[in-house]
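Student: Input input-v3.csv, format and content: CSV, C-alpha atoms.
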```csv
chain,number,residue,atom,x,y,z
A,1,MET,CA,25.3,-96.7,132.1
A,2,ALA,CA,28.5,-96.3,130.2
A,3,LEU,CA,28.8,-100.0,129.9
A,4,LEU,CA,25.3,-100.4,128.6
A,5,THR,CA,25.7,-97.6,126.1
A,6,ALA,CA,28.9,-99.3,124.8
A,7,MET,CA,27.0,-102.6,124.7
A,8,LEU,CA,24.3,-101.1,122.5
A,9,ALA,CA,26.8,-99.6,120.1
A,10,ILE,CA,28.7,-102.8,119.7
A,11,SER,CA,25.6,-104.9,119.2
A,12,MET,CA,24.1,-102.5,116.6
A,13,ALA,CA,27.3,-102.6,114.7
A,14,ALA,CA,27.0,-106.4,114.2
A,15,ALA,CA,25.0,-108.3,111.6
A,16,PRO,CA,22.0,-106.3,110.3
A,17,TRP,CA,18.4,-107.3,110.9
A,18,GLY,CA,17.7,-110.2,108.6
A,19,GLY,CA,21.0,-112.0,109.4
A,20,ILE,CA,24.0,-112.7,107.2
A,21,ALA,CA,26.1,-115.2,109.2
A,22,HIS,CA,24.6,-118.7,109.7
A,23,ALA,CA,26.0,-121.0,112.3
A,24,SER,CA,28.3,-123.7,110.7
A,25,THR,CA,27.1,-127.3,110.5
A,26,PRO,CA,29.8,-129.6,111.9
A,27,SER,CA,29.6,-133.4,111.5
A,28,PRO,CA,27.4,-135.2,113.9
A,29,SER,CA,29.1,-135.5,117.3
A,30,PRO,CA,28.1,-136.3,120.9
A,31,THR,CA,26.4,-133.7,122.9
A,32,SER,CA,28.8,-131.1,124.3
A,33,THR,CA,28.6,-131.0,128.0
A,34,GLN,CA,32.2,-130.0,128.6
A,35,THR,CA,34.5,-127.4,127.3
A,36,ASN,CA,37.0,-128.6,124.7
A,37,PRO,CA,40.6,-128.4,125.9
A,38,GLY,CA,42.0,-124.9,125.4
A,39,SER,CA,38.6,-123.3,124.6
A,40,PRO,CA,36.7,-120.8,126.8
A,41,THR,CA,34.1,-122.1,129.2
A,42,ARG,CA,30.5,-122.2,128.2
A,43,PRO,CA,28.6,-119.0,128.9
A,44,VAL,CA,26.0,-119.6,131.7
A,45,GLY,CA,23.4,-117.7,133.7
A,46,LEU,CA,21.6,-116.0,130.8
A,47,TRP,CA,18.9,-113.6,131.9
A,48,HIS,CA,16.8,-110.9,130.4
A,49,CYS,CA,18.5,-107.7,131.7
A,50,PRO,CA,17.1,-104.2,131.2
A,51,VAL,CA,17.3,-102.5,127.8
A,52,PRO,CA,19.8,-99.5,128.0
A,53,LEU,CA,18.8,-95.9,127.3
A,54,ALA,CA,17.9,-95.7,123.6
A,55,PRO,CA,16.8,-92.9,121.3
A,56,VAL,CA,13.1,-92.3,120.6
A,57,THR,CA,12.4,-95.2,118.1
A,58,GLN,CA,9.9,-97.8,117.2
A,59,THR,CA,12.7,-100.4,117.1
A,60,GLY,CA,12.7,-103.1,119.8
A,61,TYR,CA,15.7,-104.3,121.6
A,62,ALA,CA,16.2,-107.9,122.9
A,63,SER,CA,18.6,-107.5,125.8
A,64,ILE,CA,20.4,-110.4,127.5
A,65,CYS,CA,23.2,-110.7,130.1
A,66,TRP,CA,25.3,-113.7,131.3
A,67,SER,CA,28.2,-114.7,133.5
A,68,ALA,CA,31.6,-114.1,131.9
A,69,SER,CA,33.4,-117.1,130.5
A,70,SER,CA,37.0,-117.9,131.5
A,71,ASP,CA,39.8,-118.7,129.2
A,72,GLU,CA,43.5,-119.5,129.5
A,73,SER,CA,44.5,-116.7,127.2
A,74,GLY,CA,42.4,-114.1,129.2
A,75,GLY,CA,40.6,-112.3,126.3
A,76,VAL,CA,37.2,-113.6,125.3
A,77,ILE,CA,34.8,-112.4,122.5
A,78,TYR,CA,31.2,-113.4,122.6
A,79,ASP,CA,29.0,-114.2,119.5
A,80,VAL,CA,25.3,-113.9,120.0
A,81,TYR,CA,23.0,-116.0,117.6
A,82,ARG,CA,19.3,-115.3,116.9
A,83,LEU,CA,16.8,-117.9,115.7
A,84,ASP,CA,15.5,-117.1,112.3
A,85,VAL,CA,13.4,-118.9,109.7
A,86,ASP,CA,16.5,-120.3,108.1
A,87,GLY,CA,18.2,-121.3,111.4
A,88,PHE,CA,20.4,-119.4,113.8
A,89,VAL,CA,22.1,-116.3,112.4
A,90,LEU,CA,24.9,-114.2,113.9
A,91,ALA,CA,23.2,-111.2,115.4
A,92,ALA,CA,25.9,-109.5,117.6
A,93,THR,CA,29.5,-109.7,118.7
A,94,THR,CA,30.7,-108.1,121.9
A,95,THR,CA,33.5,-108.2,124.4
A,96,TYR,CA,31.1,-107.7,127.3
A,97,PRO,CA,29.0,-110.4,128.9
A,98,SER,CA,25.8,-108.7,127.7
A,99,SER,CA,24.3,-107.8,124.4
A,100,VAL,CA,21.4,-105.9,122.8
A,101,VAL,CA,19.9,-107.2,119.5
A,102,SER,CA,17.6,-105.0,117.5
A,103,GLY,CA,14.3,-106.5,116.3
A,104,GLU,CA,10.6,-105.9,115.8
A,105,LEU,CA,9.0,-104.2,118.9
A,106,ASN,CA,7.2,-106.6,121.2
A,107,ARG,CA,8.2,-109.7,119.2
A,108,ARG,CA,10.0,-112.5,121.1
A,109,TYR,CA,13.4,-113.7,120.0
A,110,THR,CA,15.4,-116.9,120.9
A,111,LEU,CA,19.1,-116.4,121.4
A,112,TYR,CA,22.2,-118.2,122.5
A,113,VAL,CA,25.9,-117.2,123.1
A,114,VAL,CA,29.2,-118.8,122.4
A,115,ALA,CA,32.6,-117.5,123.6
A,116,ARG,CA,35.8,-117.6,121.5
A,117,ASP,CA,39.4,-116.6,122.2
A,118,ALA,CA,42.1,-115.0,120.1
A,119,GLU,CA,43.3,-118.5,118.9
A,120,GLY,CA,39.9,-119.3,117.5
A,121,ASN,CA,38.9,-121.8,120.2
A,122,VAL,CA,35.1,-121.8,120.6
A,123,SER,CA,33.1,-122.7,123.7
A,124,PRO,CA,30.0,-125.0,123.8
A,125,PRO,CA,26.8,-123.0,123.2
A,126,SER,CA,25.0,-121.5,126.1
A,127,GLU,CA,21.5,-122.5,127.0
A,128,LEU,CA,18.7,-121.0,124.9
A,129,ILE,CA,16.9,-117.9,126.1
A,130,THR,CA,13.7,-116.3,124.6
A,131,VAL,CA,13.1,-112.6,125.4
A,132,PRO,CA,10.9,-109.8,124.0
A,133,ALA,CA,12.2,-106.9,122.0
A,134,LEU,CA,11.4,-103.8,124.1
A,135,THR,CA,12.1,-100.1,123.9
A,136,GLY,CA,14.8,-98.3,125.9
A,137,MET,CA,14.1,-96.2,128.9
A,138,THR,CA,13.2,-93.2,126.7
A,139,PRO,CA,9.4,-93.1,126.0
A,140,SER,CA,8.5,-93.8,122.4
A,141,PRO,CA,5.2,-93.7,120.5
A,142,SER,CA,3.4,-97.0,120.1
A,143,PRO,CA,3.9,-98.2,116.5
A,144,SER,CA,1.0,-99.4,114.3
A,145,PRO,CA,0.9,-103.2,114.1
A,146,LYS,CA,2.3,-104.6,110.9
A,147,PRO,CA,-0.3,-106.2,108.6
A,148,GLY,CA,-0.7,-109.9,108.2
A,149,ASP,CA,-0.4,-112.8,110.6
A,150,ARG,CA,2.0,-111.9,113.5
A,151,VAL,CA,0.9,-114.7,115.9
A,152,PRO,CA,3.5,-117.4,116.4
A,153,PRO,CA,2.6,-121.1,116.9
A,154,SER,CA,2.5,-122.5,120.4
A,155,ARG,CA,5.7,-124.2,121.8
A,156,PRO,CA,6.0,-127.9,120.8
A,157,THR,CA,5.5,-130.2,123.7
A,158,GLY,CA,5.5,-133.9,124.6
A,159,LEU,CA,8.9,-134.8,123.2
A,160,GLN,CA,9.5,-138.5,123.7
A,161,ASP,CA,12.6,-140.5,123.1
A,162,ALA,CA,12.7,-143.8,121.0
A,163,CYS,CA,9.3,-143.6,119.4
A,164,LEU,CA,10.6,-146.1,116.8
A,165,GLN,CA,12.3,-148.8,118.9
A,166,ASP,CA,13.4,-150.7,115.9
A,167,TYR,CA,15.3,-147.7,114.3
A,168,ARG,CA,19.1,-147.7,114.3
A,169,GLY,CA,20.1,-144.2,115.4
A,170,ALA,CA,18.5,-141.4,117.2
A,171,THR,CA,14.7,-141.0,117.0
A,172,PHE,CA,12.0,-139.0,118.9
A,173,CYS,CA,8.5,-137.7,118.5
A,174,TRP,CA,6.4,-134.8,119.8
A,175,GLN,CA,2.9,-133.5,119.9
A,176,PRO,CA,1.4,-130.8,117.5
A,177,SER,CA,1.6,-127.1,118.1
A,178,THR,CA,-1.4,-124.9,117.7
A,179,ASP,CA,-1.6,-121.7,115.6
A,180,ASN,CA,-4.3,-119.1,114.8
A,181,VAL,CA,-4.0,-120.0,111.1
A,182,GLY,CA,-2.1,-123.2,110.9
A,183,VAL,CA,1.4,-124.8,111.5
A,184,LYS,CA,3.4,-125.3,108.3
A,185,GLU,CA,6.4,-127.4,109.6
A,186,TYR,CA,8.7,-128.2,112.4
A,187,ASP,CA,12.4,-127.5,112.5
A,188,VAL,CA,14.6,-129.9,114.5
A,189,TYR,CA,17.9,-128.7,116.0
A,190,ARG,CA,20.7,-130.6,117.6
A,191,GLU,CA,23.3,-129.3,120.0
A,192,ASN,CA,26.8,-129.7,118.5
A,193,PRO,CA,30.2,-128.7,120.1
A,194,SER,CA,29.9,-125.0,119.4
A,195,ALA,CA,26.4,-124.4,118.0
A,196,TYR,CA,22.8,-125.4,117.7
A,197,ASP,CA,22.4,-126.7,114.1
A,198,ARG,CA,19.2,-127.5,112.2
A,199,VAL,CA,19.3,-131.1,111.2
A,200,GLY,CA,15.8,-131.7,109.8
A,201,THR,CA,12.4,-130.3,108.9
A,202,ILE,CA,9.2,-132.2,109.4
A,203,SER,CA,5.9,-131.3,107.6
A,204,SER,CA,3.0,-130.7,109.9
A,205,SER,CA,0.9,-133.0,107.7
A,206,GLY,CA,3.0,-136.0,108.5
A,207,ILE,CA,3.8,-138.1,111.5
A,208,LEU,CA,5.7,-135.9,114.0
A,209,ASN,CA,8.7,-138.2,114.4
A,210,PHE,CA,12.3,-137.3,113.7
A,211,ALA,CA,14.9,-140.0,112.9
A,212,GLU,CA,18.7,-139.6,112.3
A,213,SER,CA,21.0,-142.5,111.4
A,214,ASP,CA,24.3,-140.5,111.0
A,215,VAL,CA,25.1,-140.6,114.7
A,216,VAL,CA,27.2,-142.8,117.0
A,217,VAL,CA,25.2,-145.6,118.6
A,218,GLY,CA,25.4,-145.6,122.4
A,219,ARG,CA,25.9,-141.8,122.7
A,220,ARG,CA,23.3,-139.2,123.7
A,221,TYR,CA,22.4,-136.1,121.7
A,222,ASN,CA,20.4,-133.1,122.7
A,223,TYR,CA,17.6,-131.9,120.4
A,224,PHE,CA,14.8,-129.3,120.4
A,225,VAL,CA,12.0,-128.5,118.0
A,226,VAL,CA,10.6,-125.2,116.7
A,227,ALA,CA,7.2,-124.8,115.0
A,228,GLN,CA,6.8,-122.4,112.0
A,229,ASP,CA,3.6,-121.2,110.3
A,230,GLU,CA,3.0,-120.1,106.7
A,231,ALA,CA,3.8,-116.4,107.6
A,232,GLY,CA,7.2,-117.3,108.9
A,233,ASN,CA,6.3,-116.9,112.6
A,234,LEU,CA,8.4,-119.1,114.9
A,235,SER,CA,7.4,-120.7,118.1
A,236,GLU,CA,9.5,-120.7,121.2
A,237,PRO,CA,11.8,-123.8,121.2
A,238,SER,CA,10.5,-126.9,122.9
A,239,SER,CA,12.3,-128.2,126.0
A,240,MET,CA,15.6,-129.9,125.3
A,241,LEU,CA,15.4,-133.7,124.9
A,242,SER,CA,18.3,-136.0,125.5
A,243,VAL,CA,18.1,-138.8,123.0
A,244,LEU,CA,20.1,-142.1,123.1
A,245,ALA,CA,21.3,-143.4,119.7
A,246,ARG,CA,20.2,-147.0,119.8
A,247,GLU,CA,21.2,-150.2,118.0
A,248,GLY,CA,17.6,-150.9,116.9
A,249,PHE,CA,15.9,-154.2,116.4
A,250,PRO,CA,16.1,-156.4,113.3
A,251,THR,CA,13.0,-155.3,111.4
A,252,PRO,CA,11.3,-157.5,108.8
A,253,THR,CA,10.2,-155.8,105.6
A,254,PRO,CA,6.8,-154.1,106.3
A,255,THR,CA,3.9,-155.9,104.7
A,256,CYS,CA,1.5,-153.0,105.2
A,257,THR,CA,1.3,-149.2,104.7
A,258,VAL,CA,-1.0,-146.9,106.5
A,259,SER,CA,-2.4,-143.5,105.5
A,260,TYR,CA,-4.0,-141.5,108.4
A,261,ARG,CA,-6.3,-138.5,108.3
A,262,ALA,CA,-8.1,-136.9,111.2
A,263,ALA,CA,-10.9,-134.3,111.0
A,264,THR,CA,-11.5,-132.4,114.2
A,265,TRP,CA,-14.3,-130.4,115.8
A,266,SER,CA,-14.5,-129.1,119.3
A,267,SER,CA,-12.6,-131.7,121.3
A,268,THR,CA,-13.4,-134.7,119.0
A,269,LEU,CA,-11.3,-136.3,116.3
A,270,ASN,CA,-12.7,-138.4,113.5
A,271,ALA,CA,-9.8,-140.7,112.3
A,272,GLU,CA,-9.9,-142.3,108.8
A,273,ILE,CA,-7.3,-145.0,108.2
A,274,ASN,CA,-6.4,-146.8,105.0
A,275,VAL,CA,-4.5,-150.1,105.4
A,276,ARG,CA,-2.8,-151.5,102.3
A,277,ASN,CA,-1.3,-155.0,102.0
A,278,ILE,CA,2.1,-154.5,100.2
A,279,GLY,CA,3.1,-158.1,100.8
A,280,THR,CA,2.9,-161.0,98.4
A,281,THR,CA,0.4,-163.2,100.3
A,282,PRO,CA,-3.2,-162.4,101.5
A,283,ILE,CA,-3.7,-161.2,105.1
A,284,ASP,CA,-6.2,-163.5,106.6
A,285,GLY,CA,-7.4,-161.9,109.8
A,286,TRP,CA,-5.9,-158.7,111.3
A,287,THR,CA,-5.7,-156.3,114.2
A,288,LEU,CA,-4.5,-152.8,113.6
A,289,SER,CA,-3.0,-151.0,116.7
A,290,VAL,CA,-2.7,-147.2,116.8
A,291,ASP,CA,-0.5,-145.8,119.6
A,292,TYR,CA,-1.0,-142.3,120.9
A,293,PRO,CA,1.0,-140.5,123.6
A,294,ALA,CA,0.0,-140.9,127.2
A,295,SER,CA,-3.7,-141.8,126.7
A,296,SER,CA,-4.3,-138.4,125.0
A,297,ALA,CA,-7.1,-139.8,122.8
A,298,GLN,CA,-10.1,-141.6,124.3
A,299,LEU,CA,-12.1,-143.9,122.0
A,300,THR,CA,-15.8,-143.3,121.8
A,301,SER,CA,-16.9,-145.3,118.7
A,302,GLY,CA,-15.6,-146.8,115.4
A,303,TRP,CA,-16.6,-148.4,112.1
A,304,SER,CA,-15.5,-151.3,109.8
A,305,ALA,CA,-13.7,-152.9,112.8
A,306,ASP,CA,-14.2,-154.0,116.4
A,307,TRP,CA,-12.5,-151.2,118.4
A,308,THR,CA,-11.0,-151.4,121.9
A,309,GLN,CA,-8.6,-149.3,123.9
A,310,ASN,CA,-5.9,-150.3,126.4
A,311,GLY,CA,-4.1,-147.3,127.9
A,312,SER,CA,-2.8,-145.1,125.0
A,313,ARG,CA,-3.3,-147.9,122.4
A,314,ILE,CA,-6.5,-148.0,120.3
A,315,SER,CA,-7.0,-151.3,118.4
A,316,GLY,CA,-9.3,-152.4,115.6
A,317,THR,CA,-10.0,-156.0,114.7
A,318,ASN,CA,-11.4,-157.1,111.4
A,319,LYS,CA,-15.1,-157.8,110.7
A,320,GLN,CA,-15.9,-161.0,108.9
A,321,TRP,CA,-16.5,-159.2,105.6
A,322,ASN,CA,-13.1,-157.5,105.5
A,323,LYS,CA,-11.1,-160.3,107.2
A,324,ILE,CA,-9.0,-161.0,104.1
A,325,VAL,CA,-6.9,-158.2,102.5
A,326,ASN,CA,-5.3,-159.4,99.3
A,327,PRO,CA,-1.9,-158.2,98.0
A,328,GLY,CA,-2.2,-154.7,96.6
A,329,SER,CA,-5.6,-154.2,98.2
A,330,THR,CA,-6.7,-151.6,100.7
A,331,THR,CA,-9.3,-151.7,103.5
A,332,GLN,CA,-10.6,-148.5,105.1
A,333,ILE,CA,-11.5,-148.3,108.8
A,334,GLY,CA,-11.9,-145.5,111.3
A,335,PHE,CA,-12.9,-144.4,114.8
A,336,THR,CA,-14.0,-141.4,116.8
A,337,ALA,CA,-12.2,-140.3,119.9
A,338,SER,CA,-12.3,-137.4,122.3
A,339,TYR,CA,-9.2,-135.5,123.4
A,340,SER,CA,-8.1,-132.4,125.4
A,341,GLY,CA,-5.5,-129.7,124.6
A,342,ALA,CA,-3.8,-129.9,121.2
A,343,GLN,CA,-4.9,-132.5,118.7
A,344,PRO,CA,-2.9,-135.7,119.4
A,345,ALA,CA,-0.7,-137.3,116.7
A,346,PRO,CA,-0.3,-141.1,116.5
A,347,LEU,CA,3.1,-142.4,117.2
A,348,ARG,CA,3.0,-145.7,115.4
A,349,PHE,CA,0.8,-148.2,113.6
A,350,ALA,CA,1.2,-152.0,113.7
A,351,LEU,CA,-0.8,-154.7,111.9
A,352,ASN,CA,-0.8,-158.0,113.7
A,353,GLY,CA,2.1,-156.7,115.8
A,354,ARG,CA,4.3,-155.7,112.9
A,355,LEU,CA,5.0,-152.0,112.3
A,356,CYS,CA,3.4,-150.5,109.1
A,357,SER,CA,5.2,-147.8,107.1
A,358,VAL,CA,3.3,-144.5,106.9
A,359,GLU,CA,2.3,-142.9,103.6
```
Show me the file's structure as structure tokens.
Tutor:
Amino acid sequence: MALLTAMLAISMAAAPWGGIAHASTPSPSPTSTQTNPGSPTRPVGLWHCPVPLAPVTQTGYASICWSASSDESGGVIYDVYRLDVDGFVLAATTTYPSSVVSGELNRRYTLYVVARDAEGNVSPPSELITVPALTGMTPSPSPSPKPGDRVPPSRPTGLQDACLQDYRGATFCWQPSTDNVGVKEYDVYRENPSAYDRVGTISSSGILNFAESDVVVGRRYNYFVVAQDEAGNLSEPSSMLSVLAREGFPTPTPTCTVSYRAATWSSTLNAEINVRNIGTTPIDGWTLSVDYPASSAQLTSGWSADWTQNGSRISGTNKQWNKIVNPGSTTQIGFTASYSGAQPAPLRFALNGRLCSVE
């Protein structure tokens, strides 16, 4: 009990709720799987340990414990980071392998830990852990819920490496999250030697694909994705994905652009696609392919093209009356498909086998 009481005191004396210390953003580097020479070992074995005895309060406490790090100098200090709308912020500092972070009662918070020694050497970050903020062992009254949207989006799923095979660098895609109101955007995080740093934000209205060129070809990088809604509610992080930075393929200049819009009802989506010829010569006969992840959409009907499906690829071939698309012209086509779970997002579009850019 004395240890837990001390733990609470140390954590509550750290950065106040709202956060003031953001994790630094080092230059892109390979995924940290080993401790740098001279630095403490990575904290491991994170678990949601009991909240210590706390005063009667409506404040919640997110409590975690872990296995102690080792270090050549002997003394180790732990920094605990909490995921916020602006990235990870320093939430607590402690000399014990445990911490309590204050927060909104019954909300869930994602945390990680790094160890540092007196010389300033910092360990690789621990694994991520998401835990609820609970009361202490002293009973407290149930607080009135705060007004407004308090429901976070669902956890992003379906992360897939190399969705753009021709891209030079690291690229991956994922499937949409769901929300009671609507998802605003997705934040992408990469594991660096001593922190998880936000490296990009993707709008929910676009294609859910992240691409990063400022990486070392041939090395692997660990990424995860967090969904955010308009009210600032954050989802739990996706599973971690190891992405290989690839050389990419020589890619000819796209001769087409695609805009995609899907209206949904029940478990049906109605896809409307505009294909524009941005080349300098007419397109005389065409087939547009739309790739979805793992056969998540099942074609039922279509218009302005002859539609077929092969696995996760839905393809439309021109009618006689829209066979020719002149430079600068646009043709509109579409289809209806059924799906289960979250609304699937297309991974790529290609016209006559050549990738189209997406508007």
Student: Compile the contact shell of Asp284 (chain A) as a compact mmCIF listing (two decimals) with C-alpha atoms, in the coordinates of the input: residues with an atom at most 10 Å away, counting only C-alpha atoms, same-chain residues fewer than 5 positions apart removed.
Tutor:
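Saved file selection_26.txt follows:
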```txt
# COMPACT_ATOMS: atom_id res chain seq x y z
CA ASN A 318 -11.40 -157.10 111.40
CA ASN A 322 -13.10 -157.50 105.50
CA LYS A 323 -11.10 -160.30 107.20
CA ILE A 324 -9.00 -161.00 104.10
CA VAL A 325 -6.90 -158.20 102.50
CA ASN A 326 -5.30 -159.40 99.30
```
Student: Show which residues sit within 9 Å of Ser235 (chain A), as a ChimeraX atom specification. Count all atoms listed in the file, and ignore same-chain residues fewer than 5 positions away.
Tutor: /A:152-156,177,226-229
Student: Considering only C-alpha atoms, can you say which of A:Asn233, A:Ser126, A:Asn106, A:Ser63 comes closest to Asp149 (chain A)?
Tutor: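 With only C-alpha atoms as the atom set, the closest residue is A:Asn233.
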Student: Starting from the point (34.4, -117.3, 129.9), work out which residues of protein, DNA or RNA have an atom no more than 12 Å away when counting all atoms listed in the file; state them as number ranges by chain.
Tutor: A: 35, 38-45, 66-78, 95-97, 113-117, 121-126
Student: Let me make sure I understand: among A:Pro237, A:Gly120, A:Pro193, A:Trp174, which one has the smallest atom-to-atom distance to Asp84 (chain A) if we use all atoms listed in the file?
Tutor: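 Checking each of A:Pro237, A:Gly120, A:Pro193, A:Trp174 against Asp84 (chain A), counting all atoms listed in the file, the winner is A:Pro237.
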Student: Restricting the calculation to only C-alpha atoms, which member of A:Ile278, A:Ala162, A:Met240, A:Leu134 is positioned closest to Val188 (chain A)?
Tutor: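 With only C-alpha atoms as the atom set, the closest residue is A:Met240.
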Student: As a PyMOL selection string, please: the residues near Arg313 (chain A) (cut-off 10 Å, only C-alpha atoms, same-chain neighbours under 4 positions excluded).
Tutor: chain A and resi 289-299+308-309+346-349
Student: Around the point (6.2, -137.0, 110.2) (coordinates from the file), which residues reach within 12 Å if we count all atoms listed in the file? Answer as a ChimeraX atom specification.
Tutor: /A:163,171-176,185-188,200-211,259-260,345-348,357-359
Student: May I have the residues within 12 Å of Ser338 (chain A) as JSON, numbers by chain, using only C-alpha atoms and disregarding those fewer than 6 positions away in the same chain?
Tutor: {"A": [262, 263, 264, 265, 266, 267, 268, 269, 270, 271, 295, 296, 297, 298, 299, 300, 301, 344]}
Student: CA of Arg261 (chain A) to CA of Phe224 (chain A): how many Å, to one decimal?
Tutor: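 Atom-to-atom, CA of Arg261 (chain A) and CA of Phe224 (chain A) are spaced 26.0 Å apart.
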Student: Between CA of Thr130 (chain A) and CA of Ser238 (chain A), what is the distance in Å, rounded to a tenth?
Tutor: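 Distance between the two atoms: 11.2 Å.
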Student: What's around Thr280 (chain A) at 12 Å? Count all atoms listed in the file, leave out sequence neighbours fewer than 3 positions away in its own chain, and write the answer as a ChimeraX atom specification.
Tutor: /A:253-256,276-277,283,325-329
Student: Which residue, A:Ala91, A:Tyr61, A:Tyr81, A:Glu191, has the smallest gap to Thr135 (chain A) when you use all atoms listed in the file?
Tutor: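 When distances to Thr135 (chain A) are compared using all atoms listed in the file, the smallest one comes from A:Tyr61.
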Student: When you draw a straight line from CA of Arg108 (chain A) to CA of Gly232 (chain A), how long is it in Å?
Tutor: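 That distance, rounded to one decimal, is 13.4 Å.
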Student: For Gln343 (chain A), which residue among A:Cys49, A:Val89, A:Thr178, A:Pro147 is the nearest when counting all atoms listed in the file?
Tutor: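 For Gln343 (chain A), the nearest of the given residues is A:Thr178.
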Student: A:Leu90, A:Gly353, A:Ala305, A:Tyr167: which is nearest Thr331 (chain A), counting only C-alpha atoms?
Tutor: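 Checking each of A:Leu90, A:Gly353, A:Ala305, A:Tyr167 against Thr331 (chain A), counting only C-alpha atoms, the winner is A:Ala305.
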